[in-house]
$ cat model18.cif   # mmCIF, C-alpha atoms
data_start
loop_
_atom_site.label_atom_id
_atom_site.label_comp_id
_atom_site.auth_asym_id
_atom_site.auth_seq_id
_atom_site.Cartn_x
_atom_site.Cartn_y
_atom_site.Cartn_z
CA MET M 965 -32.01 -4.89 7.42
CA GLN M 966 -31.30 -5.01 3.68
CA LYS M 967 -29.59 -7.93 2.00
CA ALA M 968 -26.01 -7.60 0.76
CA ILE M 969 -24.86 -9.60 -2.26
CA LEU M 970 -21.32 -10.25 -3.48
CA ALA M 971 -21.22 -11.65 -7.01
CA LEU M 972 -17.98 -12.95 -8.53
CA GLU M 973 -17.16 -13.24 -12.22
CA ASP M 974 -17.03 -17.07 -11.96
CA GLY M 975 -20.73 -17.08 -11.04
CA THR M 976 -20.28 -17.57 -7.28
CA VAL M 977 -22.66 -15.54 -5.11
CA PHE M 978 -22.42 -14.78 -1.38
CA GLU M 979 -25.27 -13.25 0.60
CA GLY M 980 -25.33 -11.42 3.91
CA GLN M 981 -26.55 -8.31 5.70
CA SER M 982 -25.98 -4.80 4.40
CA PHE M 983 -24.17 -2.12 6.38
CA GLY M 984 -22.65 1.10 5.10
CA ALA M 985 -24.12 2.53 1.89
CA PRO M 986 -26.96 0.80 0.03
CA GLY M 987 -25.33 1.28 -3.38
CA ILE M 988 -23.56 -1.04 -5.83
CA ARG M 989 -19.77 -0.97 -6.24
CA SER M 990 -17.47 -3.10 -8.35
CA GLY M 991 -13.78 -4.01 -8.41
CA GLU M 992 -11.17 -6.71 -7.98
CA VAL M 993 -12.01 -8.85 -4.93
CA VAL M 994 -8.96 -9.31 -2.68
CA PHE M 995 -8.36 -10.45 0.91
CA ASN M 996 -6.28 -9.07 3.77
CA THR M 997 -5.16 -11.17 6.77
CA SER M 998 -4.53 -8.32 9.24
CA ILE M 999 -6.16 -8.74 12.65
CA THR M 1000 -6.35 -5.02 13.47
CA GLY M 1001 -5.89 -1.78 11.54
CA TYR M 1002 -9.02 -1.92 9.40
CA GLN M 1003 -9.37 1.87 9.16
CA GLU M 1004 -5.82 2.19 7.83
CA ILE M 1005 -6.74 -0.45 5.23
CA PHE M 1006 -9.93 1.44 4.27
CA THR M 1007 -7.96 4.66 3.68
CA ASP M 1008 -4.93 3.19 1.87
CA PRO M 1009 -5.08 4.52 -1.73
CA SER M 1010 -3.45 1.27 -2.89
CA TYR M 1011 -6.89 -0.37 -2.52
CA THR M 1012 -8.42 1.81 -5.23
CA GLY M 1013 -10.51 -0.37 -7.54
CA GLN M 1014 -10.72 -3.26 -5.03
CA ILE M 1015 -13.39 -4.85 -2.84
CA VAL M 1016 -11.60 -5.95 0.34
CA VAL M 1017 -12.36 -9.16 2.24
CA LEU M 1018 -11.00 -9.11 5.80
CA THR M 1019 -10.22 -12.55 7.25
CA ASN M 1020 -10.41 -11.46 10.90
CA PRO M 1021 -13.96 -12.54 11.82
CA GLN M 1022 -15.12 -9.38 13.62
CA ILE M 1023 -14.58 -5.93 12.15
CA GLY M 1024 -15.81 -2.51 13.26
CA ASN M 1025 -15.73 -3.09 17.01
CA TYR M 1026 -13.35 -0.21 17.81
CA GLY M 1027 -15.02 2.31 15.52
CA ALA M 1028 -13.16 4.94 13.52
CA ASN M 1029 -11.33 8.17 14.24
CA ASP M 1030 -9.61 10.89 12.26
CA SER M 1031 -6.14 10.09 13.62
CA ASP M 1032 -6.04 6.64 12.00
CA ASN M 1033 -6.69 7.82 8.44
CA GLU M 1034 -3.87 7.02 6.02
CA SER M 1035 -5.14 9.43 3.36
CA ARG M 1036 -7.85 12.01 2.74
CA GLN M 1037 -10.70 9.45 2.45
CA PRO M 1038 -11.55 5.73 2.21
CA PHE M 1039 -10.44 4.27 -1.14
CA ILE M 1040 -11.78 0.71 -1.02
CA GLU M 1041 -14.72 -0.04 -3.32
CA GLY M 1042 -16.47 -2.23 -0.77
CA LEU M 1043 -15.95 -4.31 2.37
CA VAL M 1044 -16.83 -7.98 3.01
CA VAL M 1045 -16.60 -9.45 6.54
CA ARG M 1046 -17.88 -12.37 8.59
CA ASP M 1047 -19.29 -10.27 11.44
CA PHE M 1048 -19.56 -6.49 11.29
CA SER M 1049 -20.00 -4.75 14.63
CA SER M 1050 -22.19 -1.68 14.48
CA ALA M 1051 -21.26 -0.86 18.07
CA ALA M 1052 -17.97 1.02 18.56
CA SER M 1053 -16.24 0.38 21.87
CA ASN M 1054 -12.89 2.16 22.24
CA TRP M 1055 -11.72 5.30 23.99
CA ARG M 1056 -10.30 6.66 20.72
CA SER M 1057 -13.48 6.07 18.71
CA GLU M 1058 -15.16 9.11 17.14
CA GLU M 1059 -17.79 7.39 14.98
CA GLU M 1060 -19.03 3.96 13.94
CA ALA M 1061 -17.06 2.33 11.14
CA SER M 1062 -20.26 1.75 9.15
CA ARG M 1063 -20.98 5.49 9.10
CA PHE M 1064 -17.34 6.20 8.22
CA LEU M 1065 -17.66 4.08 5.05
CA GLY M 1066 -21.32 4.77 4.36
CA ALA M 1067 -20.73 8.52 4.19
CA LYS M 1068 -18.50 7.89 1.15
CA GLY M 1069 -21.00 5.57 -0.56
CA ILE M 1070 -19.11 2.37 0.27
CA PRO M 1071 -21.22 -0.77 0.88
CA ILE M 1072 -20.44 -3.38 3.56
CA GLY M 1073 -21.43 -7.03 3.30
CA SER M 1074 -21.58 -8.77 6.69
CA GLY M 1075 -22.49 -12.33 7.65
CA MET M 1076 -20.76 -13.81 4.60
CA ASP M 1077 -18.69 -16.99 4.66
CA THR M 1078 -15.32 -15.27 4.35
CA ARG M 1079 -13.41 -18.51 4.95
CA GLN M 1080 -14.99 -20.13 1.89
CA LEU M 1081 -14.56 -16.92 -0.09
CA VAL M 1082 -10.86 -16.60 0.73
CA ARG M 1083 -10.23 -20.27 -0.10
CA ARG M 1084 -11.82 -19.68 -3.50
CA LEU M 1085 -9.66 -16.60 -4.12
CA ARG M 1086 -6.52 -18.50 -3.06
CA ASP M 1087 -7.35 -21.47 -5.29
CA ARG M 1088 -8.56 -19.61 -8.38
CA GLY M 1089 -6.90 -16.24 -7.95
CA VAL M 1090 -8.44 -12.83 -7.34
CA MET M 1091 -11.55 -12.13 -9.38
CA ARG M 1092 -13.65 -9.24 -10.51
CA GLY M 1093 -16.76 -8.79 -8.42
CA VAL M 1094 -19.74 -6.62 -7.59
CA LEU M 1095 -20.93 -5.83 -4.06
CA SER M 1096 -24.50 -4.62 -3.68
CA GLY M 1097 -25.67 -3.13 -0.41
CA ALA M 1098 -29.27 -3.11 -1.63
CA GLY M 1099 -29.90 -6.68 -2.76
CA GLY M 1100 -30.77 -7.20 -6.43
CA ASP M 1101 -30.72 -9.95 -9.04
CA PRO M 1102 -27.66 -12.19 -8.44
CA ALA M 1103 -27.44 -13.21 -12.11
CA ALA M 1104 -27.41 -9.58 -13.22
CA LEU M 1105 -24.71 -8.76 -10.69
CA VAL M 1106 -22.56 -11.67 -11.93
CA GLU M 1107 -22.89 -10.38 -15.48
CA MET M 1108 -21.92 -6.91 -14.29
CA ALA M 1109 -18.82 -8.37 -12.62
CA ARG M 1110 -17.78 -10.04 -15.88
CA ASN M 1111 -17.86 -6.73 -17.70
CA ILE M 1112 -15.75 -4.54 -15.43
CA PRO M 1113 -12.11 -3.87 -16.46
CA SER M 1114 -9.36 -6.18 -15.29
CA MET M 1115 -6.80 -4.72 -12.88
CA ALA M 1116 -4.03 -5.74 -15.29
CA GLY M 1117 -3.25 -2.76 -17.51
CA LEU M 1118 -4.97 -0.16 -15.33
CA ASP M 1119 -3.13 3.06 -14.43
CA LEU M 1120 -4.76 3.99 -11.13
CA ALA M 1121 -1.78 5.78 -9.60
CA THR M 1122 -2.32 8.97 -11.58
CA ARG M 1123 -6.01 8.88 -10.63
CA VAL M 1124 -5.35 8.98 -6.87
CA SER M 1125 -2.23 11.20 -6.94
CA THR M 1126 -2.30 14.77 -5.72
CA ALA M 1127 -3.10 17.38 -8.36
CA ASP M 1128 -0.77 19.97 -6.82
CA ARG M 1129 2.56 20.02 -5.05
CA TYR M 1130 2.42 20.48 -1.26
CA GLU M 1131 4.60 20.42 1.85
CA TRP M 1132 4.18 17.85 4.66
CA THR M 1133 5.44 18.73 8.14
CA GLN M 1134 3.70 16.34 10.59
CA GLY M 1135 5.77 13.64 12.31
CA THR M 1136 4.48 10.60 14.14
CA GLY M 1137 2.24 11.32 17.12
CA LYS M 1138 1.45 9.37 20.26
CA CYS M 1139 -1.46 6.95 20.01
CA SER M 1140 -1.72 6.65 23.79
CA PRO M 1141 -0.04 8.10 26.91
CA SER M 1142 2.14 4.98 27.11
CA ASP M 1143 3.71 5.47 23.66
CA LEU M 1144 7.48 5.95 23.64
CA GLU M 1145 7.86 7.43 20.15
CA PRO M 1146 10.94 9.69 20.21
CA PRO M 1147 10.72 13.26 18.87
CA ALA M 1148 11.57 13.90 15.23
CA GLU M 1149 15.21 14.39 14.30
CA PRO M 1150 16.33 17.97 13.62
CA GLN M 1151 15.52 18.93 10.05
CA ARG M 1152 18.56 18.32 7.85
CA PHE M 1153 17.22 16.83 4.60
CA HIS M 1154 14.86 17.88 1.85
CA VAL M 1155 12.95 14.89 0.44
CA VAL M 1156 10.81 15.10 -2.68
CA ALA M 1157 8.14 12.37 -2.55
CA PHE M 1158 6.33 11.14 -5.65
CA ASP M 1159 2.67 10.59 -4.80
CA PHE M 1160 1.45 7.43 -6.54
CA GLY M 1161 -1.07 6.96 -3.70
CA ILE M 1162 1.09 7.83 -0.72
CA LYS M 1163 0.14 6.91 2.85
CA HIS M 1164 0.34 9.47 5.65
CA ASN M 1165 2.53 7.29 7.84
CA ILE M 1166 5.22 7.21 5.15
CA LEU M 1167 5.28 11.00 5.23
CA ARG M 1168 5.37 10.97 9.04
CA ARG M 1169 8.33 8.58 9.04
CA LEU M 1170 10.20 10.81 6.57
CA VAL M 1171 9.68 13.75 8.90
CA GLN M 1172 10.88 11.64 11.86
CA ILE M 1173 14.29 11.07 10.23
CA GLY M 1174 14.77 14.83 9.91
CA SER M 1175 13.25 15.66 6.53
CA ARG M 1176 11.40 18.58 5.05
CA VAL M 1177 9.02 16.81 2.66
CA THR M 1178 7.69 18.13 -0.64
CA VAL M 1179 5.03 15.90 -2.20
CA VAL M 1180 4.70 16.08 -5.99
CA PRO M 1181 2.15 14.64 -8.45
CA ALA M 1182 2.80 11.29 -10.11
CA GLY M 1183 3.41 12.93 -13.49
CA THR M 1184 6.18 15.29 -12.34
CA VAL M 1185 9.19 15.35 -14.69
CA ALA M 1186 12.72 14.68 -13.48
CA GLU M 1187 13.92 18.20 -14.30
CA ASP M 1188 11.27 19.74 -12.02
CA VAL M 1189 12.27 17.37 -9.22
CA LEU M 1190 15.96 18.29 -9.52
CA ALA M 1191 15.03 21.98 -9.59
CA LEU M 1192 13.73 21.54 -6.02
CA ALA M 1193 17.29 20.59 -4.95
CA PRO M 1194 16.34 17.47 -2.99
CA ASP M 1195 18.70 15.51 -0.79
CA GLY M 1196 16.67 12.42 -1.63
CA VAL M 1197 13.67 11.31 -3.70
CA PHE M 1198 11.01 8.94 -2.37
CA LEU M 1199 8.74 6.79 -4.58
CA SER M 1200 5.47 5.90 -2.88
CA ASN M 1201 3.05 3.02 -2.78
CA GLY M 1202 -0.03 3.12 -4.99
CA PRO M 1203 -2.74 1.13 -6.78
CA GLY M 1204 -3.03 -0.58 -10.13
CA ASP M 1205 -0.65 -2.14 -12.63
CA PRO M 1206 2.89 -0.70 -12.72
CA GLU M 1207 3.40 -1.50 -16.42
CA PRO M 1208 1.37 1.51 -17.69
CA LEU M 1209 3.64 3.86 -15.71
CA GLN M 1210 6.28 4.01 -18.43
CA PHE M 1211 6.45 7.81 -18.32
CA GLN M 1212 7.08 7.74 -14.58
CA ALA M 1213 9.71 5.01 -14.99
CA ALA M 1214 11.48 7.14 -17.61
CA GLN M 1215 11.59 10.10 -15.20
CA ILE M 1216 12.95 7.93 -12.39
CA GLN M 1217 15.60 6.56 -14.75
CA LYS M 1218 16.84 10.13 -15.25
CA LEU M 1219 17.19 10.53 -11.47
CA ILE M 1220 19.26 7.38 -10.90
CA GLY M 1221 22.80 8.42 -10.03
CA ARG M 1222 21.78 12.06 -9.52
CA VAL M 1223 20.12 11.78 -6.11
CA PRO M 1224 19.44 9.02 -3.52
CA LEU M 1225 16.22 7.10 -4.25
CA PHE M 1226 14.02 5.02 -1.93
CA GLY M 1227 10.93 3.19 -3.18
CA ILE M 1228 8.14 1.31 -1.41
CA CYS M 1229 5.56 -1.03 -3.00
CA LEU M 1230 4.52 0.54 -6.34
CA GLY M 1231 7.62 2.72 -6.00
CA HIS M 1232 9.66 -0.51 -5.84
CA GLN M 1233 7.96 -1.74 -9.00
CA VAL M 1234 8.52 1.55 -10.87
CA LEU M 1235 12.19 1.43 -9.87
CA GLY M 1236 12.27 -2.10 -11.25
CA LEU M 1237 10.94 -0.82 -14.58
CA ALA M 1238 13.37 2.11 -14.53
CA SER M 1239 16.23 -0.36 -13.95
CA GLY M 1240 15.32 -2.37 -17.05
CA GLY M 1241 13.21 -5.01 -15.29
CA LYS M 1242 9.69 -6.32 -15.83
CA THR M 1243 6.68 -6.85 -13.56
CA TYR M 1244 3.93 -9.46 -13.48
CA LYS M 1245 0.59 -10.03 -11.77
CA LEU M 1246 0.42 -12.35 -8.77
CA LYS M 1247 -2.31 -14.98 -8.46
CA PHE M 1248 -3.87 -13.48 -5.34
CA GLY M 1249 -1.28 -10.97 -4.11
CA HIS M 1250 0.10 -10.30 -0.63
CA ARG M 1251 -2.11 -8.35 1.76
CA GLY M 1252 -1.71 -8.50 5.52
CA ALA M 1253 0.48 -7.58 8.48
CA ASN M 1254 2.16 -10.94 9.04
CA HIS M 1255 4.29 -11.83 5.99
CA PRO M 1256 7.83 -13.18 6.63
CA VAL M 1257 10.61 -11.63 4.55
CA LEU M 1258 14.28 -12.65 4.61
CA ASN M 1259 16.83 -9.83 4.50
CA TYR M 1260 19.78 -11.30 2.58
CA ARG M 1261 22.15 -8.63 3.87
CA THR M 1262 21.56 -9.43 7.57
CA ASN M 1263 20.23 -13.00 7.22
CA LYS M 1264 17.37 -11.99 9.55
CA VAL M 1265 13.65 -12.55 9.04
CA GLU M 1266 11.34 -9.54 9.26
CA ILE M 1267 7.58 -9.81 9.80
CA THR M 1268 6.14 -7.29 7.39
CA SER M 1269 3.02 -5.41 6.37
CA GLN M 1270 2.12 -5.97 2.72
CA ASN M 1271 -0.40 -4.84 0.13
CA HIS M 1272 0.32 -5.58 -3.51
CA GLY M 1273 -0.96 -7.62 -6.43
CA PHE M 1274 2.05 -7.26 -8.75
CA ALA M 1275 5.73 -8.13 -8.35
CA VAL M 1276 9.08 -7.45 -10.02
CA ASP M 1277 10.60 -10.36 -11.95
CA PRO M 1278 14.07 -10.78 -10.38
CA ASP M 1279 15.43 -12.53 -13.47
CA SER M 1280 14.64 -9.46 -15.56
CA LEU M 1281 16.88 -7.15 -13.51
CA PRO M 1282 20.46 -6.70 -14.77
CA ALA M 1283 22.63 -8.67 -12.31
CA SER M 1284 25.65 -6.46 -12.97
CA GLU M 1285 23.77 -3.38 -11.69
CA THR M 1286 21.31 -4.68 -9.08
CA GLU M 1287 21.63 -6.70 -5.87
CA LEU M 1288 18.62 -8.64 -4.59
CA THR M 1289 18.23 -7.82 -0.89
CA HIS M 1290 14.90 -9.25 0.33
CA ILE M 1291 12.84 -12.33 -0.53
CA ASN M 1292 9.33 -13.41 0.52
CA LEU M 1293 9.53 -16.66 2.49
CA ASN M 1294 5.96 -17.69 1.62
CA ASP M 1295 6.38 -17.84 -2.14
CA GLN M 1296 9.97 -16.69 -2.90
CA THR M 1297 8.88 -13.53 -4.72
CA LEU M 1298 11.23 -10.54 -4.79
CA GLU M 1299 10.75 -8.14 -1.87
CA GLY M 1300 13.68 -5.74 -2.31
CA PHE M 1301 16.74 -4.77 -4.31
CA ARG M 1302 19.38 -2.05 -4.49
CA HIS M 1303 21.71 -0.67 -7.14
CA ARG M 1304 25.31 -1.75 -6.83
CA ASN M 1305 26.83 1.56 -7.98
CA ASN M 1306 24.18 4.19 -7.20
CA PRO M 1307 22.40 5.30 -3.98
CA VAL M 1308 19.15 3.52 -4.85
CA PHE M 1309 17.17 0.91 -2.90
CA CYS M 1310 13.58 -0.25 -2.59
CA VAL M 1311 11.29 -2.81 -0.96
CA GLN M 1312 7.99 -4.31 -2.00
CA TYR M 1313 6.49 -4.33 1.50
CA HIS M 1314 5.53 -1.47 3.87
CA PRO M 1315 8.17 -0.58 6.49
CA GLU M 1316 6.00 2.32 7.70
CA ALA M 1317 3.39 -0.27 8.78
CA ALA M 1318 0.06 1.42 9.70
CA PRO M 1319 -1.17 -1.21 10.20
CA GLY M 1320 1.51 -3.74 10.97
CA PRO M 1321 4.77 -4.52 12.76
CA HIS M 1322 7.77 -2.20 13.00
CA ASP M 1323 10.48 -4.73 12.15
CA SER M 1324 11.50 -2.85 9.01
CA ARG M 1325 11.43 0.72 10.28
CA TYR M 1326 15.26 0.77 9.99
CA LEU M 1327 14.87 1.30 6.23
CA PHE M 1328 13.97 4.95 6.83
CA ASP M 1329 17.18 5.31 8.84
CA ASP M 1330 19.04 3.68 5.94
CA PHE M 1331 17.57 6.34 3.65
CA ALA M 1332 18.78 9.07 6.01
CA SER M 1333 22.27 7.55 6.02
CA LEU M 1334 22.25 7.36 2.22
CA MET M 1335 21.25 11.02 1.92
CA SER M 1336 23.91 12.05 4.44
CA GLU M 1337 26.63 10.11 2.62
CA HIS M 1338 25.58 11.54 -0.75
CA SER M 1339 25.56 15.08 0.67
CA ASN M 1340 29.07 14.61 2.09
CA LYS M 1341 30.36 13.38 -1.26
CA LYS M 1342 28.90 16.40 -3.04
CA SER M 1343 30.45 18.82 -0.56
#
$ encode --input "model18.cif" --output "structure tokens"
Amino acid sequence: MQKAILALEDGTVFEGQSFGAPGIRSGEVVFNTSITGYQEIFTDPSYTGQIVVLTNPQIGNYGANDSDNESRQPFIEGLVVRDFSSAASNWRSEEEASRFLGAKGIPIGSGMDTRQLVRRLRDRGVMRGVLSGAGGDPAALVEMARNIPSMAGLDLATRVSTADRYEWTQGTGKCSPSDLEPPAEPQRFHVVAFDFGIKHNILRRLVQIGSRVTVVPAGTVAEDVLALAPDGVFLSNGPGDPEPLQFQAAQIQKLIGRVPLFGICLGHQVLGLASGGKTYKLKFGHRGANHPVLNYRTNKVEITSQNHGFAVDPDSLPASETELTHINLNDQTLEGFRHRNNPVFCVQYHPEAAPGPHDSRYLFDDFASLMSEHSNKKS
């Protein structure tokens, strides 16, 4: 078995066994604390440009299948784990996880000390790195890591966005015969969804609340969105730094007050920019399916699924126009806000889960209520 090497920009090198593709990939090295749901993590476009370290010690043991994909392909640059299982043991498995990633040229480093690695990333912050699935000179790989672009300032959302407009009609399906997922609501809304790196389960949840969904590219102008006569506009998750998305923020600003808006993750950050706020890079970000968030409006704590490396500065938002609605209980960063006078709200975390808990699924129902109220006012 070939040697795998992870080289960080600070000169730290980790060695292990190579699975997946034997190539070399580079990116920002981040960690995720989810216990299950690795395939959904692999295929989340928000991980574009990132090598993902999973803290759960064994990964790959339930294989991969087409139903669990959250987008058209894996988007991670590489995977680092403590123990990668080449054997897939699950009734839903269609192929081994190593083949699933290897077919797209993505290397896997197994047998690495992920506990030490995560402690380093927590203490020093996320770093640029290079993962080689074919060994190599560690010093040369460290130098390569030092020369890749920083995530700050990168517009990756337009890179992963759809090139063409399309319709989405699939609702949530049953994972097993014991699932109790109710059927989708009768279709009564038309939602236009900006694709900054949208996940499939967001689209499924929009269908479940009774929506016909039209997905549009990240660079779509406000006038073209309004021409589609939407009942609501959704702003999706996505990768990279939100600050370069000034054009998108300007288009969203034109939509505020014209149509109900709901944003998740990068969509939350773009709405923050459109509302006059600013964003900043977090030391090591929030990635996992177990982050506690306090909902100020209900005074209840929600356990949430998260994946972001940037945040909105709450002090930069105009207090006369915005109400802070959610806060992260781990580090007090902003997790949600809404406009006081317009049908606009957003959250930093992922209420659609996939993977993760369903505590925040009510936000899609809130969006439906907002669209219904807005439609009644117009009529």
$ residues_around --input "model18.cif" --residues "stretch 1024-1041 of chain M" --least-positions-apart "5" --cutoff "7 Å" --atoms "only C-alpha atoms" --output "PyMOL selection string"
chain M and resi 989-991+1003-1004+1006-1009+1011-1016+1048-1054+1056-1061+1064-1065+1070+1163-1165
$ write_last_selection --input "model18.cif" --atoms "C-alpha atoms" --output "PDB file, in the frame of the given file"
ATOM      1  CA  ARG M 989     -19.770  -0.970  -6.240  1.00  0.00           C
ATOM      2  CA  SER M 990     -17.470  -3.100  -8.350  1.00  0.00           C
ATOM      3  CA  GLY M 991     -13.780  -4.010  -8.410  1.00  0.00           C
ATOM      4  CA  GLN M1003      -9.370   1.870   9.160  1.00  0.00           C
ATOM      5  CA  GLU M1004      -5.820   2.190   7.830  1.00  0.00           C
ATOM      6  CA  PHE M1006      -9.930   1.440   4.270  1.00  0.00           C
ATOM      7  CA  THR M1007      -7.960   4.660   3.680  1.00  0.00           C
ATOM      8  CA  ASP M1008      -4.930   3.190   1.870  1.00  0.00           C
ATOM      9  CA  PRO M1009      -5.080   4.520  -1.730  1.00  0.00           C
ATOM     10  CA  TYR M1011      -6.890  -0.370  -2.520  1.00  0.00           C
ATOM     11  CA  THR M1012      -8.420   1.810  -5.230  1.00  0.00           C
ATOM     12  CA  GLY M1013     -10.510  -0.370  -7.540  1.00  0.00           C
ATOM     13  CA  GLN M1014     -10.720  -3.260  -5.030  1.00  0.00           C
ATOM     14  CA  ILE M1015     -13.390  -4.850  -2.840  1.00  0.00           C
ATOM     15  CA  VAL M1016     -11.600  -5.950   0.340  1.00  0.00           C
ATOM     16  CA  PHE M1048     -19.560  -6.490  11.290  1.00  0.00           C
ATOM     17  CA  SER M1049     -20.000  -4.750  14.630  1.00  0.00           C
ATOM     18  CA  SER M1050     -22.190  -1.680  14.480  1.00  0.00           C
ATOM     19  CA  ALA M1051     -21.260  -0.860  18.070  1.00  0.00           C
ATOM     20  CA  ALA M1052     -17.970   1.020  18.560  1.00  0.00           C
ATOM     21  CA  SER M1053     -16.240   0.380  21.870  1.00  0.00           C
ATOM     22  CA  ASN M1054     -12.890   2.160  22.240  1.00  0.00           C
ATOM     23  CA  ARG M1056     -10.300   6.660  20.720  1.00  0.00           C
ATOM     24  CA  SER M1057     -13.480   6.070  18.710  1.00  0.00           C
ATOM     25  CA  GLU M1058     -15.160   9.110  17.140  1.00  0.00           C
ATOM     26  CA  GLU M1059     -17.790   7.390  14.980  1.00  0.00           C
ATOM     27  CA  GLU M1060     -19.030   3.960  13.940  1.00  0.00           C
ATOM     28  CA  ALA M1061     -17.060   2.330  11.140  1.00  0.00           C
ATOM     29  CA  PHE M1064     -17.340   6.200   8.220  1.00  0.00           C
ATOM     30  CA  LEU M1065     -17.660   4.080   5.050  1.00  0.00           C
ATOM     31  CA  ILE M1070     -19.110   2.370   0.270  1.00  0.00           C
ATOM     32  CA  LYS M1163       0.140   6.910   2.850  1.00  0.00           C
ATOM     33  CA  HIS M1164       0.340   9.470   5.650  1.00  0.00           C
ATOM     34  CA  ASN M1165       2.530   7.290   7.840  1.00  0.00           C
TER      35      ASN M1165
END
$ atom_distance --input "model18.cif" --atom1 "atom CA of M:Val1156" --atom2 "atom CA of M:Val1197"
4.9 Å
$ resolve_selection --input "model18.cif" --expression "the PyMOL selection byres ((chain M and resi 1178) around 8)" --output "tab-separated table (two decimals) with C-alpha atoms, in the coordinates of the input"
chain	number	residue	atom	x	y	z
M	1129	ARG	CA	2.56	20.02	-5.05
M	1130	TYR	CA	2.42	20.48	-1.26
M	1131	GLU	CA	4.60	20.42	1.85
M	1132	TRP	CA	4.18	17.85	4.66
M	1154	HIS	CA	14.86	17.88	1.85
M	1155	VAL	CA	12.95	14.89	0.44
M	1156	VAL	CA	10.81	15.10	-2.68
M	1157	ALA	CA	8.14	12.37	-2.55
M	1176	ARG	CA	11.40	18.58	5.05
M	1177	VAL	CA	9.02	16.81	2.66
M	1179	VAL	CA	5.03	15.90	-2.20
M	1180	VAL	CA	4.70	16.08	-5.99
$ resolve_selection --input "model18.cif" --expression "the PyMOL selection byres ((chain M and resi 1316) around 8)" --output "PDB file with C-alpha atoms, keeping the file's coordinate frame"
ATOM      1  CA  ASN M1165       2.530   7.290   7.840  1.00  0.00           C
ATOM      2  CA  ILE M1166       5.220   7.210   5.150  1.00  0.00           C
ATOM      3  CA  ARG M1169       8.330   8.580   9.040  1.00  0.00           C
ATOM      4  CA  HIS M1314       5.530  -1.470   3.870  1.00  0.00           C
ATOM      5  CA  PRO M1315       8.170  -0.580   6.490  1.00  0.00           C
ATOM      6  CA  ALA M1317       3.390  -0.270   8.780  1.00  0.00           C
ATOM      7  CA  ALA M1318       0.060   1.420   9.700  1.00  0.00           C
ATOM      8  CA  HIS M1322       7.770  -2.200  13.000  1.00  0.00           C
ATOM      9  CA  SER M1324      11.500  -2.850   9.010  1.00  0.00           C
ATOM     10  CA  ARG M1325      11.430   0.720  10.280  1.00  0.00           C
TER      11      ARG M1325
END
$ closest_residue --input "model18.cif" --among "M:His1338, M:Glu1266, M:Leu1327, M:Ala1238" --to "M:Ile1173" --atoms "only C-alpha atoms"
M:Leu1327
$ resolve_selection --input "model18.cif" --expression "the PyMOL selection byres ((chain M and resi 1224) around 8)" --output "PyMOL selection string"
chain M and resi 1195-1197+1220-1223+1225-1226+1306-1308+1331+1334-1335+1338
$ atom_distance --input "model18.cif" --atom1 "atom CA of M:Val1257" --atom2 "atom CA of M:Val1171"
25.8 Å
$ atom_distance --input "model18.cif" --atom1 "atom CA of M:Asn1020" --atom2 "atom CA of M:Leu1258"
25.5 Å
$ residues_around --input "model18.cif" --residues "M:Leu1118" --least-positions-apart "6" --cutoff "7 Å" --atoms "all atoms listed in the file" --output "list in words"
Gly1204, Asp1205 and Pro1208 of chain M
$ write_last_selection --input "model18.cif" --atoms "C-alpha atoms" --output "short mmCIF file (atom, residue, chain, number, x, y, z; two decimals), keeping the file's coordinate frame"
data_model
loop_
_atom_site.label_atom_id
_atom_site.label_comp_id
_atom_site.auth_asym_id
_atom_site.auth_seq_id
_atom_site.Cartn_x
_atom_site.Cartn_y
_atom_site.Cartn_z
CA GLY M 1204 -3.03 -0.58 -10.13
CA ASP M 1205 -0.65 -2.14 -12.63
CA PRO M 1208 1.37 1.51 -17.69
#
$ closest_residue --input "model18.cif" --among "M:Gly1075, M:Gly1069, M:Gly1252, M:Gly1174" --to "M:Gln1151" --atoms "all atoms listed in the file"
M:Gly1174
$ closest_residue --input "model18.cif" --among "M:Gly987, M:Gly1093, M:Pro1181, M:Pro1071" --to "M:Ser1125" --atoms "only C-alpha atoms"
M:Pro1181
$ closest_residue --input "model18.cif" --among "M:Ser1200, M:Gln1270, M:Gln1215, M:Ser1239" --to "M:Glu1287" --atoms "all atoms listed in the file"
M:Ser1239
$ residues_around --input "model18.cif" --residues "M:Ala1275" --least-positions-apart "6" --cutoff "10 Å" --atoms "only C-alpha atoms" --output "list in words"
Asp1205, Pro1206, Cys1229, Leu1230, His1232, Gln1233, Gly1236, Lys1242, Thr1243, Tyr1244, Lys1245, Leu1246, Gly1249, His1250, Thr1297, Leu1298, Glu1299 and Gln1312 of chain M
$ closest_residue --input "model18.cif" --among "M:Ile1228, M:Ile1267, M:Phe1211, M:Ser1339" --to "M:Gly1300" --atoms "all atoms listed in the file"
M:Ile1228
$ closest_residue --input "model18.cif" --among "M:Gln1296, M:Gln1212, M:Gln1172, M:Gln1217" --to "M:Phe1328" --atoms "all atoms listed in the file"
M:Gln1172
$ closest_atom_pairs --input "model18.cif" --of "stretch 1060-1106 of chain M" --to "stretch 1111-1116 of chain M" --cutoff "9 Å" --atoms "only C-alpha atoms" --output "Markdown table"
| residue | atom | partner | partner_atom | distance |
| --- | --- | --- | --- | --- |
| M:Met1091 | CA | M:Ser1114 | CA | 8.7 |
| M:Arg1092 | CA | M:Ser1114 | CA | 7.1 |
| M:Gly1093 | CA | M:Ile1112 | CA | 8.3 |
| M:Val1106 | CA | M:Asn1111 | CA | 8.9 |
